[in-house]
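Novice: Just so it is clear, I am handing over input_22.txt, which has compact mmCIF, C-alpha atoms.
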```txt
# COMPACT_ATOMS: atom_id res chain seq x y z
CA MET J 1 -29.73 34.02 -8.03
CA ARG J 2 -28.54 31.19 -10.20
CA ASN J 3 -25.82 33.40 -11.67
CA MET J 4 -24.84 34.41 -8.18
CA LYS J 5 -24.43 30.78 -7.24
CA ILE J 6 -22.30 30.16 -10.30
CA TYR J 7 -19.95 32.96 -9.42
CA VAL J 8 -19.77 31.99 -5.77
CA GLY J 9 -19.14 28.38 -6.73
CA ILE J 10 -16.51 29.26 -9.27
CA GLY J 11 -14.92 31.69 -6.84
CA ILE J 12 -14.62 29.08 -4.13
CA ILE J 13 -13.08 26.59 -6.48
CA ALA J 14 -10.72 29.20 -7.88
CA ILE J 15 -9.63 30.09 -4.36
CA THR J 16 -8.97 26.48 -3.48
CA GLY J 17 -6.75 26.30 -6.50
CA PHE J 18 -9.03 24.95 -9.19
CA LEU J 19 -7.24 24.79 -12.46
CA LEU J 20 -8.65 22.94 -15.40
CA VAL J 21 -5.84 22.23 -17.74
CA ALA J 22 -7.47 20.12 -20.38
CA ALA J 23 -7.73 16.34 -20.39
CA ASP J 24 -4.69 15.64 -18.24
CA HIS J 25 -2.23 18.07 -19.82
CA ILE J 26 0.07 19.53 -17.15
CA ASP J 27 -2.31 18.27 -14.47
CA ALA J 28 -0.05 18.29 -11.44
CA PRO J 29 3.02 20.25 -10.32
CA ALA J 30 5.33 17.23 -10.07
CA VAL J 31 4.94 16.31 -13.72
CA SER J 32 3.83 19.56 -15.34
CA GLY J 33 5.39 20.02 -18.75
CA GLY J 34 8.01 17.32 -18.10
CA THR J 35 8.83 14.15 -19.99
CA SER J 36 6.57 12.03 -17.76
CA ASP J 37 3.51 14.29 -18.14
CA ILE J 38 0.65 12.23 -19.56
CA THR J 39 -1.68 14.47 -21.56
CA ASP J 40 -4.29 11.93 -22.60
CA PHE J 41 -5.38 8.33 -22.62
CA TYR J 42 -7.70 6.59 -25.10
CA ALA J 43 -8.94 3.02 -25.34
CA PHE J 44 -11.22 1.91 -28.16
CA GLN J 45 -12.17 -0.89 -30.52
CA ALA J 46 -9.87 -1.16 -33.54
CA GLU J 47 -10.70 -1.16 -37.25
CA ASP J 48 -10.36 -4.95 -36.89
CA THR J 49 -13.09 -5.45 -34.31
CA ASP J 50 -11.23 -8.42 -32.80
CA ASN J 51 -8.68 -5.87 -31.51
CA VAL J 52 -8.60 -2.91 -29.15
CA VAL J 53 -6.30 0.12 -29.23
CA PHE J 54 -4.56 1.90 -26.38
CA VAL J 55 -3.17 5.41 -26.85
CA ALA J 56 -0.97 7.31 -24.40
CA ASN J 57 -0.04 10.89 -25.22
CA LEU J 58 2.75 12.77 -23.49
CA GLN J 59 4.36 16.21 -23.57
CA GLY J 60 1.44 18.16 -25.00
CA LEU J 61 1.13 21.54 -26.67
CA LEU J 62 4.15 21.04 -28.91
CA ALA J 63 4.30 23.68 -31.60
CA PRO J 64 5.23 22.24 -35.02
CA GLY J 65 8.62 23.92 -34.82
CA ALA J 66 9.32 22.46 -31.40
CA THR J 67 8.19 18.96 -32.27
CA ASP J 68 11.44 17.76 -33.83
CA ASN J 69 13.27 18.54 -30.61
CA ALA J 70 10.81 16.71 -28.37
CA ALA J 71 11.85 13.19 -27.43
CA PHE J 72 10.70 10.32 -25.29
CA ASP J 73 12.72 10.01 -22.08
CA GLU J 74 14.68 6.75 -21.69
CA ASN J 75 14.12 6.99 -17.93
CA VAL J 76 10.32 7.12 -18.28
CA LEU J 77 8.36 3.89 -18.54
CA ILE J 78 4.87 4.14 -20.01
CA GLU J 79 2.61 1.43 -18.65
CA PHE J 80 -0.90 0.56 -19.83
CA ASN J 81 -2.82 -1.16 -17.01
CA ILE J 82 -5.69 -3.61 -17.53
CA ASP J 83 -7.90 -4.85 -14.69
CA THR J 84 -9.84 -7.88 -15.87
CA ASN J 85 -11.71 -8.77 -12.64
CA GLN J 86 -13.22 -5.45 -11.53
CA ASP J 87 -11.08 -4.84 -8.45
CA ASN J 88 -9.24 -1.85 -9.97
CA VAL J 89 -5.90 -3.61 -9.54
CA GLU J 90 -3.96 -4.35 -12.73
CA ASP J 91 -3.94 -7.97 -13.85
CA LEU J 92 -2.08 -7.24 -17.10
CA VAL J 93 0.25 -4.49 -18.25
CA ILE J 94 1.72 -3.41 -21.56
CA GLN J 95 5.01 -1.59 -20.98
CA ALA J 96 6.68 0.84 -23.38
CA ILE J 97 10.21 2.16 -22.90
CA PRO J 98 12.46 3.96 -25.40
CA ARG J 99 16.05 2.90 -26.05
CA ASP J 100 18.30 4.44 -28.71
CA GLY J 101 15.68 5.45 -31.24
CA LYS J 102 13.35 2.52 -30.72
CA MET J 103 10.31 2.09 -28.51
CA TYR J 104 10.37 -1.35 -26.87
CA PHE J 105 7.16 -3.01 -25.75
CA PHE J 106 6.67 -5.84 -23.24
CA GLY J 107 3.44 -7.73 -22.74
CA PRO J 108 0.54 -7.88 -22.30
CA ALA J 109 1.62 -9.83 -19.22
CA ALA J 110 1.02 -9.98 -15.50
CA PRO J 111 3.23 -7.45 -13.67
CA ASN J 112 5.90 -8.63 -11.24
CA THR J 113 4.24 -6.43 -8.62
CA THR J 114 1.12 -4.30 -8.84
CA GLY J 115 1.02 -0.69 -7.76
CA LEU J 116 3.40 2.24 -7.80
CA ASN J 117 6.71 0.53 -8.59
CA SER J 118 7.43 -1.51 -11.69
CA THR J 119 10.22 -3.54 -13.16
CA ILE J 120 10.38 -4.22 -16.87
CA LEU J 121 8.97 -7.60 -17.88
CA THR J 122 11.90 -8.70 -20.01
CA SER J 123 10.66 -12.29 -20.17
CA ALA J 124 7.27 -11.24 -21.59
CA THR J 125 6.58 -10.90 -25.32
CA GLN J 126 9.00 -8.25 -26.59
CA SER J 127 8.27 -6.01 -29.56
CA SER J 128 9.77 -2.80 -30.85
CA VAL J 129 9.22 -0.06 -33.38
CA ASP J 130 11.50 2.70 -34.63
CA ILE J 131 10.41 6.00 -33.09
CA SER J 132 8.86 8.01 -35.89
CA THR J 133 9.96 11.43 -36.96
CA ARG J 134 7.51 14.18 -37.73
CA MET J 135 7.60 13.56 -41.47
CA THR J 136 8.12 9.78 -41.52
CA PRO J 137 5.73 7.58 -39.56
CA VAL J 138 6.82 4.01 -38.86
CA THR J 139 4.57 1.20 -37.66
CA GLU J 140 5.48 -2.36 -36.76
CA GLU J 141 3.59 -5.59 -36.23
CA ASN J 142 4.52 -8.48 -33.94
CA ALA J 143 2.65 -11.35 -32.32
CA GLY J 144 -0.69 -10.10 -33.62
CA MET J 145 -0.10 -6.59 -32.25
CA LYS J 146 0.66 -3.24 -33.91
CA PHE J 147 2.95 -0.55 -32.58
CA PHE J 148 3.63 3.16 -33.12
CA ALA J 149 5.63 5.75 -31.19
CA GLY J 150 6.27 9.33 -32.22
CA PRO J 151 4.74 12.75 -32.79
CA ARG J 152 1.08 13.09 -33.87
CA ASP J 153 -1.48 15.85 -33.96
CA ASP J 154 -2.95 16.23 -30.46
CA PRO J 155 -6.36 14.54 -30.84
CA PHE J 156 -7.76 16.45 -27.88
CA PHE J 157 -10.09 19.37 -28.60
CA MET J 158 -11.56 21.94 -26.26
CA ASP J 159 -12.03 25.68 -25.88
CA PHE J 160 -9.70 25.78 -22.94
CA ALA J 161 -8.98 29.49 -23.28
CA GLN J 162 -12.63 30.38 -22.84
CA TYR J 163 -12.94 27.98 -19.94
CA SER J 164 -10.03 29.76 -18.29
CA ASP J 165 -11.81 33.08 -18.79
CA ILE J 166 -14.96 31.65 -17.19
CA ILE J 167 -13.01 30.37 -14.20
CA ALA J 168 -11.19 33.69 -13.88
CA GLY J 169 -14.53 35.51 -13.88
CA ASN J 170 -13.83 37.24 -17.19
CA ALA J 171 -16.60 35.47 -19.09
CA SER J 172 -20.02 34.15 -18.14
CA GLY J 173 -20.11 31.24 -20.55
CA PHE J 174 -18.69 29.59 -23.64
CA ASP J 175 -18.69 31.20 -27.06
CA ASN J 176 -20.57 29.64 -29.95
CA PRO J 177 -18.74 28.57 -31.99
CA GLY J 178 -15.87 27.91 -29.62
CA SER J 179 -12.18 27.90 -30.48
CA ASP J 180 -10.06 24.76 -30.15
CA THR J 181 -7.11 25.71 -27.94
CA PHE J 182 -5.25 22.56 -29.04
CA ALA J 183 -5.60 23.14 -32.78
CA GLY J 184 -2.28 23.00 -34.58
CA SER J 185 -0.34 21.42 -31.71
CA ASN J 186 1.35 18.05 -31.45
CA VAL J 187 1.94 15.43 -28.78
CA LEU J 188 4.23 12.42 -28.46
CA SER J 189 2.05 9.36 -28.89
CA VAL J 190 2.40 5.70 -28.07
CA VAL J 191 -0.21 3.58 -29.85
CA VAL J 192 -0.65 -0.16 -29.36
CA GLU J 193 -3.27 -2.38 -30.99
CA VAL J 194 -3.78 -5.77 -29.37
CA PRO J 195 -6.17 -8.68 -29.87
CA LYS J 196 -9.01 -8.61 -27.35
CA SER J 197 -8.10 -12.19 -26.52
CA MET J 198 -4.85 -10.92 -24.96
CA VAL J 199 -6.52 -8.44 -22.59
CA GLY J 200 -9.50 -10.29 -21.17
CA GLY J 201 -11.40 -11.59 -24.19
CA SER J 202 -14.89 -10.33 -23.46
CA GLY J 203 -16.89 -8.28 -20.98
CA THR J 204 -15.66 -4.99 -19.57
CA VAL J 205 -12.15 -4.31 -18.34
CA ASN J 206 -10.87 -1.26 -16.46
CA THR J 207 -7.89 0.49 -17.98
CA TRP J 208 -5.54 3.35 -17.16
CA VAL J 209 -2.06 4.54 -18.10
CA GLU J 210 0.88 5.41 -15.87
CA SER J 211 4.26 7.04 -16.33
CA LYS J 212 7.03 5.78 -14.09
CA ARG J 213 10.53 7.17 -13.73
CA LYS J 214 13.66 5.07 -13.23
CA GLN J 215 14.97 5.34 -9.68
CA MET C 1 20.64 9.66 -17.18
CA LYS C 2 23.73 11.78 -17.58
CA ILE C 3 25.27 10.19 -14.51
CA LEU C 4 24.34 6.76 -15.81
CA ASN C 5 25.92 7.54 -19.17
CA ILE C 6 29.10 8.73 -17.50
CA LYS C 7 29.18 5.61 -15.36
CA SER C 8 28.61 3.33 -18.34
CA THR C 9 31.28 5.14 -20.32
CA LEU C 10 33.75 4.87 -17.44
CA ILE C 11 33.00 1.18 -17.03
CA LEU C 12 33.49 0.63 -20.76
CA ILE C 13 36.78 2.49 -20.68
CA VAL C 14 37.95 0.46 -17.69
CA ILE C 15 36.87 -2.78 -19.33
CA SER C 16 38.60 -1.82 -22.58
CA ALA C 17 41.75 -0.85 -20.74
CA LEU C 18 41.77 -4.06 -18.76
CA SER C 19 41.03 -6.15 -21.82
CA PHE C 20 43.82 -4.46 -23.74
CA ASN C 21 46.33 -4.69 -20.93
CA CYS C 22 45.61 -8.26 -19.98
CA SER C 23 45.39 -9.72 -23.43
CA SER C 24 48.38 -10.75 -25.45
CA ASP C 25 46.16 -12.43 -28.00
CA ASP C 26 45.84 -10.30 -31.14
CA ASP C 27 42.73 -12.18 -32.16
CA TYR C 28 41.02 -11.79 -28.81
CA THR C 29 37.37 -10.76 -29.10
CA PRO C 30 35.79 -9.46 -25.92
CA PRO C 31 32.66 -11.39 -24.94
CA ASN C 32 29.32 -9.65 -25.29
CA THR C 33 28.49 -8.93 -21.69
CA GLY C 34 24.98 -7.71 -22.45
CA GLY C 35 25.87 -4.14 -21.52
CA GLY C 36 27.25 -3.24 -24.91
CA ASN C 37 25.66 -2.09 -28.13
CA ASN C 38 23.36 -5.01 -28.79
CA GLU C 39 21.15 -5.45 -25.76
CA PRO C 40 19.49 -2.42 -24.18
CA ASP C 41 19.51 -2.16 -20.40
CA PHE C 42 16.02 -2.69 -19.00
CA SER C 43 17.08 -3.14 -15.38
CA GLY C 44 15.95 -1.11 -12.42
CA VAL C 45 12.82 0.00 -10.63
CA TYR C 46 10.46 2.57 -12.12
CA ALA C 47 8.35 4.62 -9.70
CA GLN C 48 5.06 6.23 -10.57
CA GLN C 49 4.78 9.92 -11.46
CA ASP C 50 1.57 10.41 -13.44
CA GLN C 51 -1.53 8.37 -14.19
CA MET C 52 -4.77 8.84 -16.03
CA GLY C 53 -8.00 6.98 -16.60
CA ARG C 54 -10.88 9.24 -17.60
CA PRO C 55 -10.19 12.64 -19.14
CA ALA C 56 -9.99 15.77 -16.98
CA VAL C 57 -10.67 14.03 -13.67
CA ASN C 58 -7.53 15.05 -11.82
CA THR C 59 -7.59 18.53 -13.28
CA VAL C 60 -11.24 19.21 -12.47
CA PHE C 61 -11.97 17.43 -9.22
CA VAL C 62 -8.72 17.28 -7.30
CA SER C 63 -7.72 20.31 -5.25
CA SER C 64 -4.37 21.74 -6.27
CA ASP C 65 -2.45 20.70 -3.19
CA SER C 66 -3.54 17.08 -3.73
CA LYS C 67 -2.85 16.66 -7.45
CA ASN C 68 0.51 14.96 -7.02
CA MET C 69 -0.98 12.70 -4.35
CA PHE C 70 -3.83 11.70 -6.66
CA ASN C 71 -1.33 10.77 -9.38
CA THR C 72 0.43 8.40 -6.99
CA THR C 73 -2.62 6.81 -5.34
CA ILE C 74 -3.46 3.44 -6.86
CA PRO C 75 -6.99 3.27 -8.33
CA SER C 76 -8.22 0.72 -5.78
CA GLU C 77 -7.54 3.28 -3.02
CA GLN C 78 -8.71 6.43 -4.80
CA ASN C 79 -12.34 6.22 -3.75
CA ALA C 80 -11.53 6.01 -0.05
CA ASP C 81 -8.98 8.81 -0.28
CA PHE C 82 -10.65 11.23 -2.68
CA GLN C 83 -14.43 10.78 -3.04
CA ASN C 84 -15.23 13.33 -0.33
CA MET C 85 -12.97 15.91 -1.97
CA PHE C 86 -14.56 15.25 -5.36
CA GLN C 87 -18.05 15.73 -3.96
CA THR C 88 -17.14 18.94 -2.13
CA ASN C 89 -15.53 20.37 -5.26
CA LEU C 90 -18.40 19.30 -7.51
CA GLU C 91 -21.03 20.88 -5.27
CA ALA C 92 -19.02 24.08 -5.05
CA LEU C 93 -18.41 24.19 -8.80
CA SER C 94 -21.81 23.44 -10.24
CA PRO C 95 -25.14 25.08 -9.50
CA ALA C 96 -26.69 21.92 -10.96
CA PHE C 97 -25.55 20.10 -7.81
CA ALA C 98 -26.18 22.92 -5.34
CA ASN C 99 -29.40 21.57 -3.87
CA PRO C 100 -30.17 18.28 -2.10
CA GLY C 101 -31.55 15.74 -4.54
CA ASP C 102 -29.90 17.32 -7.58
CA MET C 103 -28.83 14.73 -10.14
CA ASN C 104 -27.15 14.55 -13.53
CA ALA C 105 -28.68 13.00 -16.64
CA LEU C 106 -27.38 9.58 -15.62
CA GLY C 107 -29.62 9.81 -12.55
CA GLN C 108 -26.63 10.19 -10.23
CA ASP C 109 -26.63 12.55 -7.27
CA ALA C 110 -23.39 14.22 -6.25
CA ALA C 111 -22.31 11.29 -4.09
CA ALA C 112 -23.02 8.68 -6.78
CA PHE C 113 -21.41 10.74 -9.57
CA THR C 114 -18.25 11.41 -7.60
CA THR C 115 -18.08 7.79 -6.44
CA LEU C 116 -17.95 6.82 -10.11
CA LEU C 117 -15.33 9.45 -10.96
CA ALA C 118 -13.05 9.11 -7.92
CA THR C 119 -11.83 5.71 -9.09
CA ASP C 120 -10.06 7.06 -12.14
CA VAL C 121 -10.12 4.14 -14.53
CA LEU C 122 -11.44 4.07 -18.09
CA ASN C 123 -13.95 1.27 -18.58
CA LEU C 124 -13.43 -0.56 -21.86
CA SER C 125 -15.95 -2.91 -23.42
CA LEU C 126 -14.49 -5.87 -25.30
CA ASP C 127 -17.92 -6.69 -26.75
CA GLY C 128 -18.78 -3.87 -29.14
CA THR C 129 -19.11 -0.11 -29.37
CA THR C 130 -16.47 1.79 -27.44
CA THR C 131 -17.35 5.38 -26.60
CA PHE C 132 -17.29 7.79 -23.68
CA TYR C 133 -20.91 8.60 -24.46
CA ASP C 134 -22.75 8.48 -27.78
CA GLY C 135 -26.32 9.02 -26.63
CA THR C 136 -26.83 5.30 -26.10
CA ASN C 137 -23.65 3.73 -24.77
CA VAL C 138 -22.11 5.21 -21.62
CA LEU C 139 -18.48 4.74 -20.55
CA THR C 140 -17.61 1.79 -22.76
CA GLY C 141 -14.27 3.29 -23.76
CA ARG C 142 -12.94 6.52 -25.19
CA ALA C 143 -12.75 6.94 -28.94
CA LEU C 144 -10.63 9.67 -30.52
CA ALA C 145 -13.63 11.59 -31.84
CA ASP C 146 -15.62 11.51 -28.59
CA ASP C 147 -16.45 15.03 -27.40
CA VAL C 148 -15.50 14.12 -23.85
CA ILE C 149 -15.32 17.68 -22.53
CA THR C 150 -18.87 18.51 -23.56
CA VAL C 151 -20.06 15.19 -22.09
CA GLU C 152 -18.36 16.03 -18.81
CA LEU C 153 -19.63 19.62 -18.83
CA LEU C 154 -23.15 18.31 -19.42
CA LEU C 155 -22.85 15.84 -16.56
CA ILE C 156 -21.41 18.52 -14.26
CA PHE C 157 -23.55 21.53 -15.25
CA GLY C 158 -26.44 20.19 -17.33
CA GLY C 159 -28.67 18.92 -14.53
CA GLU C 160 -31.18 16.11 -14.80
CA ASP C 161 -31.97 16.61 -18.49
CA PHE C 162 -28.91 18.43 -19.89
CA SER C 163 -30.94 21.67 -20.01
CA GLU C 164 -29.48 23.60 -17.07
CA ASN C 165 -26.69 26.18 -17.40
CA PRO C 166 -26.52 25.92 -21.20
CA THR C 167 -23.70 28.45 -21.53
CA LEU C 168 -21.51 26.34 -19.22
CA SER C 169 -22.41 22.87 -20.41
CA ASN C 170 -20.98 22.96 -23.94
CA ASP C 171 -17.69 24.48 -25.09
CA ASN C 172 -18.95 24.36 -28.69
CA VAL C 173 -15.81 22.67 -29.96
CA ASP C 174 -17.18 19.40 -31.19
CA ALA C 175 -14.41 17.83 -33.24
CA ASN C 176 -10.67 17.68 -33.74
CA ASP C 177 -8.88 20.12 -36.02
CA LYS C 178 -7.69 17.25 -38.25
CA PRO C 179 -9.63 14.16 -39.32
CA PHE C 180 -8.58 10.91 -37.69
CA LEU C 181 -7.40 7.91 -39.70
CA THR C 182 -9.56 4.84 -40.08
CA SER C 183 -6.49 2.60 -39.78
CA PHE C 184 -3.58 2.23 -37.39
CA PRO C 185 -2.19 4.43 -35.84
CA TYR C 186 -5.53 6.27 -36.06
CA LEU C 187 -4.24 9.64 -34.78
CA ALA C 188 -3.75 12.32 -37.44
CA ALA C 189 -0.28 13.14 -38.75
CA PRO C 190 1.57 15.84 -36.81
CA TRP C 191 1.64 19.49 -37.84
```
Would it be possible to restate this file's structure as C-alpha cells?

Specialist:
Amino acid sequence: MRNMKIYVGIGIIAITGFLLVAADHIDAPAVSGGTSDITDFYAFQAEDTDNVVFVANLQGLLAPGATDNAAFDENVLIEFNIDTNQDNVEDLVIQAIPRDGKMYFFGPAAPNTTGLNSTILTSATQSSVDISTRMTPVTEENAGMKFFAGPRDDPFFMDFAQYSDIIAGNASGFDNPGSDTFAGSNVLSVVVEVPKSMVGGSGTVNTWVESKRKQ
Amino acid sequence: MKILNIKSTLILIVISALSFNCSSDDDYTPPNTGGGNNEPDFSGVYAQQDQMGRPAVNTVFVSSDSKNMFNTTIPSEQNADFQNMFQTNLEALSPAFANPGDMNALGQDAAAFTTLLATDVLNLSLDGTTTFYDGTNVLTGRALADDVITVELLLIFGGEDFSENPTLSNDNVDANDKPFLTSFPYLAAPW
C-alpha cells in the first residue's frame, strides 16, 4: 500500500511536470542552460570567523573541455541580496558584473530600488578581480573583502541520474553507494568574502542570489 | 550586446571622424568622455531572470508552468503566491505527508514545512556555525560540504524520525568528488 502511494504520488507529480534538476541547475525554461542560469548558492562563515562567504555558481555541467569556452555574460548582473531585518526585502546588495576580462564588484550597499529591477551602484565601494582561467586562479583583496570569479569544480553532489529513474518509474529507490552525477564537471563561480560587520554584524540575516539581464 | 557593440563602434567612428575633420591642431588630444577604453559602462537597468535561496526549492516544489514566475517573484511575496502549490506538490510527492498529522523530523506538518520553504531565502547566522543541517544546527547557512540533498530528502520522505521510506530519503552520495579548500576561494580547482 505504501509503495502504491509512492507510485501514485510520483506519477501525479510527473504528470504535472515535476522535474528535479539538481540544486537550481537549469531550473526554469526561461533561463535553462543560458548565461543567467544560477546553478547554486552558498553562504557560510569564512576561515576568518569575522567574515562570511557568498558563492554564486552559474552555467553548470561544464565538461572540462568546454570550460575554456564558457564565459560570464557582460549583460548579466549577479546580485547577492541580504535582508537584515527579517522582512525578506533586501537591505544590502553585493553586485558583480563582468567587463573586458574583469569581474567588477559594488557594495555591500543599499540598492537604489529593491525588487526585480536593478541599476549598478557605481558610487558604492568598487572592487575588481581578473576573471580566472581554468589553469590560473586569481584572487583579489579590497576594503577588507576578497574576490574570485572564474571556473571551479561544481561543488554540488547528488545522484541525480538515479533520482530521474525513480521519478520516471524505472527505479524504486536510490542505489547504495550512489553515483555523483556532477562529478568531473565545472561551473562558473563568483566568490566574495566580506566582514560580517558589513552585512549586519550579528544575528541572522536572510540571503539569496539573483541574475538580472540588461534591458 | 552585438547591437550595443555595433552602436558603440559607430559612435566611436563618428566621433573620430568629427574630431579629425574639425581639428586643425596636430597636437589635439580628444578628451576622455568616459565611454572609451578606461571606464567600463555600468549604465542601464537590469531585470531579474533567475534567483535562488535554498537548494532545489524551485526545482522540487514549483510546478513546471510556474517555474519562470517563481524566479521573478520577490521573496516577500513568494509565500502568498506559492505556499499552496508547495503543499499540494509535497503531499502528492511524499507518502510521509500523505496522512493528516504527518510531520517531518523538525516537527513541521505539510503546511508549516511548505510555509518555511515557499519563502526561498537562505538564512545565514552571523554568530557561529553555518550549516544547512549538521544534526544540531538547522538552517544557519549552507556550507560547501553540507549534504543538502539528503537533508531535503529526509525532510520530505523521512517522516517524523527520518526512518520512513529509507530508499527514497538518501541518495547515498555524501560528499563532493574533490576536497574543498580551507582558504579562499574555498571551491576546488576546476577539472

Novice: What's around J:Gly144 at 8 Å? Count all atoms listed in the file, leave out sequence neighbours fewer than 2 positions away in its own chain, and write the answer as a short mmCIF file (atom, residue, chain, number, x, y, z; two decimals) with C-alpha atoms, in the frame of the given file.

Specialist:
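Saved to result-v9.cif:
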```
data_model
loop_
_atom_site.label_atom_id
_atom_site.label_comp_id
_atom_site.auth_asym_id
_atom_site.auth_seq_id
_atom_site.Cartn_x
_atom_site.Cartn_y
_atom_site.Cartn_z
CA GLU J 141 3.59 -5.59 -36.23
CA ASN J 142 4.52 -8.48 -33.94
CA LYS J 146 0.66 -3.24 -33.91
CA VAL J 194 -3.78 -5.77 -29.37
CA PRO J 195 -6.17 -8.68 -29.87
#
```

Novice: Which residues, protein or nucleic acid, reach to within 9 Å of (-2.9, 17.8, -25.4) in the file's coordinates when using all atoms listed in the file, and can you give that as a list of chain:residue names?

Specialist: J:Ala22, J:Ala23, J:Asp24, J:His25, J:Ile26, J:Ile38, J:Thr39, J:Asp40, J:Asn57, J:Leu58, J:Gln59, J:Gly60, J:Leu61, J:Leu62, J:Asp153, J:Asp154, J:Pro155, J:Phe156, J:Phe157, J:Phe182, J:Ser185, J:Asn186, J:Val187

Novice: Taking a cut-off of 7 Å and counting all atoms listed in the file, can you build a table that, for each residue of chain C near chain J, reports the nearest atom pair and how far apart they are in Å (one decimal), sorted by chain then residue number, as a Markdown table?

Specialist:
```
| residue | atom | partner | partner_atom | distance |
| --- | --- | --- | --- | --- |
| C:Pro40 | CA | J:Arg99 | CA | 6.6 |
| C:Phe42 | CA | J:Ile120 | CA | 6.2 |
| C:Ser43 | CA | J:Ile120 | CA | 6.9 |
| C:Gly44 | CA | J:Thr119 | CA | 6.3 |
| C:Val45 | CA | J:Thr119 | CA | 5.1 |
| C:Tyr46 | CA | J:Lys214 | CA | 4.2 |
| C:Ala47 | CA | J:Asn117 | CA | 4.5 |
| C:Gln48 | CA | J:Lys212 | CA | 4.1 |
| C:Gln49 | CA | J:Lys212 | CA | 5.4 |
| C:Asp50 | CA | J:Ser211 | CA | 5.2 |
| C:Gln51 | CA | J:Glu210 | CA | 4.2 |
| C:Met52 | CA | J:Val209 | CA | 5.5 |
| C:Gly53 | CA | J:Trp208 | CA | 4.4 |
| C:Pro55 | CA | J:Ala23 | CA | 4.6 |
| C:Ala56 | CA | J:Ala23 | CA | 4.1 |
| C:Asn58 | CA | J:Asp27 | CA | 6.7 |
| C:Thr59 | CA | J:Leu20 | CA | 5.0 |
| C:Val60 | CA | J:Leu20 | CA | 5.4 |
| C:Ser63 | CA | J:Gly17 | CA | 6.2 |
| C:Ser64 | CA | J:Gly17 | CA | 5.1 |
| C:Lys67 | CA | J:Ala28 | CA | 5.1 |
| C:Asn68 | CA | J:Ala28 | CA | 5.6 |
| C:Thr72 | CA | J:Leu116 | CA | 6.9 |
| C:Ile74 | CA | J:Gly115 | CA | 6.2 |
| C:Pro75 | CA | J:Asn88 | CA | 5.8 |
| C:Ser76 | CA | J:Asn88 | CA | 5.0 |
| C:Asn89 | CA | J:Ile13 | CA | 6.8 |
| C:Ala92 | CA | J:Gly9 | CA | 4.6 |
| C:Leu93 | CA | J:Gly9 | CA | 4.7 |
| C:Ser94 | CA | J:Gly9 | CA | 6.6 |
| C:Pro95 | CA | J:Ile6 | CA | 5.9 |
| C:Val121 | CA | J:Trp208 | CA | 5.3 |
| C:Leu122 | CA | J:Thr207 | CA | 5.0 |
| C:Asn123 | CA | J:Asn206 | CA | 4.5 |
| C:Leu124 | CA | J:Val205 | CA | 5.3 |
| C:Ser125 | CA | J:Thr204 | CA | 4.4 |
| C:Leu126 | CA | J:Ser202 | CA | 4.8 |
| C:Asp127 | CA | J:Ser202 | CA | 5.8 |
| C:Thr130 | CA | J:Phe44 | CA | 5.3 |
| C:Gly141 | CA | J:Phe44 | CA | 5.5 |
| C:Arg142 | CA | J:Tyr42 | CA | 5.2 |
| C:Ala143 | CA | J:Phe44 | CA | 5.3 |
| C:Leu144 | CA | J:Pro155 | CA | 6.5 |
| C:Ile149 | CA | J:Met158 | CA | 6.8 |
| C:Thr167 | CA | J:Gly173 | CA | 4.7 |
| C:Leu168 | CA | J:Gly173 | CA | 5.3 |
| C:Asp171 | CA | J:Phe174 | CA | 5.4 |
| C:Asn172 | CA | J:Gly178 | CA | 4.8 |
| C:Val173 | CA | J:Gly178 | CA | 5.3 |
| C:Ala175 | CA | J:Phe157 | CA | 6.5 |
| C:Asn176 | CA | J:Phe157 | CA | 5.4 |
| C:Asp177 | CA | J:Ala183 | CA | 5.5 |
| C:Thr182 | CA | J:Glu47 | CA | 6.7 |
| C:Ser183 | CA | J:Glu47 | CA | 6.2 |
| C:Pro185 | CA | J:Val191 | CA | 6.4 |
| C:Leu187 | CA | J:Arg152 | CA | 6.4 |
| C:Ala188 | CA | J:Asp153 | CA | 5.5 |
| C:Ala189 | CA | J:Arg152 | CA | 5.1 |
| C:Pro190 | CA | J:Arg152 | CA | 4.1 |
| C:Trp191 | CA | J:Pro64 | CA | 5.3 |
```

Novice: Atom CA of C:Arg54 to atom CA of C:Leu117: how many Å, to one decimal?

Specialist: 8.0 Å

Novice: How many Å lie between atom CA of J:Met145 and atom CA of J:Leu92, rounded to one decimal?

Specialist: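 Spanning atom CA of J:Met145 to atom CA of J:Leu92 is a straight-line distance of 15.3 Å.
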
Novice: What is the distance between atom CA of C:Asn170 and atom CA of C:Leu116, in Å to one decimal?

Specialist: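 Computing the Euclidean distance for atom CA of C:Asn170 and atom CA of C:Leu116 yields 21.5 Å.
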
Novice: Of the residues J:Phe72, J:Gly101, J:Thr113, J:Met198, which is the one nearest to J:Thr125, using all atoms listed in the file?

Specialist: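 Closest residue, counting all atoms listed in the file: J:Met198.
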
Novice: Kindly indicate which residue among C:Asp134, C:Glu77, C:Glu164, C:Asp109 lies nearest to C:Ala96, using all atoms listed in the file for the distances.

Specialist: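 Comparing C:Asp134, C:Glu77, C:Glu164, C:Asp109 against C:Ala96, the winner is C:Glu164.
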
Novice: Given 5 Å on each side, where is the centre and what are the edge lengths in Å to one decimal of the axis-aligned box enclosing the listed atoms of stretch 177-191 of chain C, as lines of an AutoDock Vina configuration file?

Specialist:
```
center_x = -4.0
center_y = 11.2
center_z = -37.4
size_x = 21.3
size_y = 27.9
size_z = 15.3
```

Novice: Using all atoms listed in the file, find the one residue out of C:Val57, C:Thr136, C:Gly128, C:Asn79 that sits nearest to C:Ala112.

Specialist: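 Of C:Val57, C:Thr136, C:Gly128, C:Asn79, the one nearest C:Ala112 is C:Asn79, counting all atoms listed in the file.
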